[in-house]
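Okay, so here's the structure we're looking at.
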Amino acid sequence: MTTVAVVCTAILGVSALVAVVRIVRGPSMLDRAVATDTFIAMMAAAVGIEAVANDRTVTLPILVALALIGFLGSVAVARFAVRSEEEA
């Protein structure tokens with residue numbers, strides 16, 4: 001199990017690095033929003049891997065909070081993008 005956790009963590013680390021690059025260099029606001037949502041999903045996956053690897057259930061509230069933040073952030077950006085297009 002330790003090898004699987006290490007491999008998954010390495011893959012998530014590389015993916016998170018790519019997402020951070022997209023957040024910093026994204027050409028538009030929507031690209032940055034998608035990269036941020038992806039980054040939050042990867043953080044939730046990393047917390048889930050840690051919970052499984054260490055056989056913990058106390059991280060469930062953290063997973064729920066990350067899911068809520070990701071969802072509300074996506075909804076807020078989508079609502080903002082719709083308003084920006086209507087005004088243009």
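By order of appearance in the structure tokens: chains A, B, ..., then residues from 1 within every chain, and ligands from 1 in the order shown.
Neighbours of Ala53 in chain A closer than or equal to 12 Å, with only C-alpha atoms counted and sequence neighbours fewer than 6 positions away skipped, come out as Met1, Thr2, Thr3, Val4, Ala5, Val6, Cys8, Thr9, Ala46, Val47 and Thr59 of chain A.
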task = Calculate how many Å separate CA of Ala16 in chain A from CA of Ala33 in chain A, rounding to one decimal.
result =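 Separation of CA of Ala16 in chain A and CA of Ala33 in chain A: 14.1 Å.
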List the spatial neighbours of Leu66 in chain A as a PDB file with N, CA, C and O atoms, in the first residue's frame - criterion: any atom at most 8 Å away, only C-alpha atoms, same-chain residues fewer than 6 positions off excluded.
```
ATOM      1  N   ILE A  40      -8.124  22.252  -6.284  1.00  0.00           N
ATOM      2  CA  ILE A  40      -8.870  21.888  -5.079  1.00  0.00           C
ATOM      3  C   ILE A  40      -9.256  20.411  -5.110  1.00  0.00           C
ATOM      4  O   ILE A  40      -9.190  19.712  -4.085  1.00  0.00           O
ATOM      5  N   ALA A  41      -9.629  19.910  -6.284  1.00  0.00           N
ATOM      6  CA  ALA A  41      -9.945  18.485  -6.403  1.00  0.00           C
ATOM      7  C   ALA A  41      -8.714  17.629  -6.129  1.00  0.00           C
ATOM      8  O   ALA A  41      -8.809  16.565  -5.496  1.00  0.00           O
ATOM      9  N   MET A  43      -6.236  18.504  -4.169  1.00  0.00           N
ATOM     10  CA  MET A  43      -6.003  18.573  -2.729  1.00  0.00           C
ATOM     11  C   MET A  43      -6.905  17.590  -1.992  1.00  0.00           C
ATOM     12  O   MET A  43      -6.456  16.900  -1.060  1.00  0.00           O
ATOM     13  N   ALA A  44      -8.155  17.500  -2.415  1.00  0.00           N
ATOM     14  CA  ALA A  44      -9.074  16.548  -1.799  1.00  0.00           C
ATOM     15  C   ALA A  44      -8.604  15.113  -2.037  1.00  0.00           C
ATOM     16  O   ALA A  44      -8.682  14.270  -1.135  1.00  0.00           O
TER      17      ALA A  44
END
```
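The space between CA of Val14 in chain A and CA of Thr38 in chain A spans 12.6 Å.
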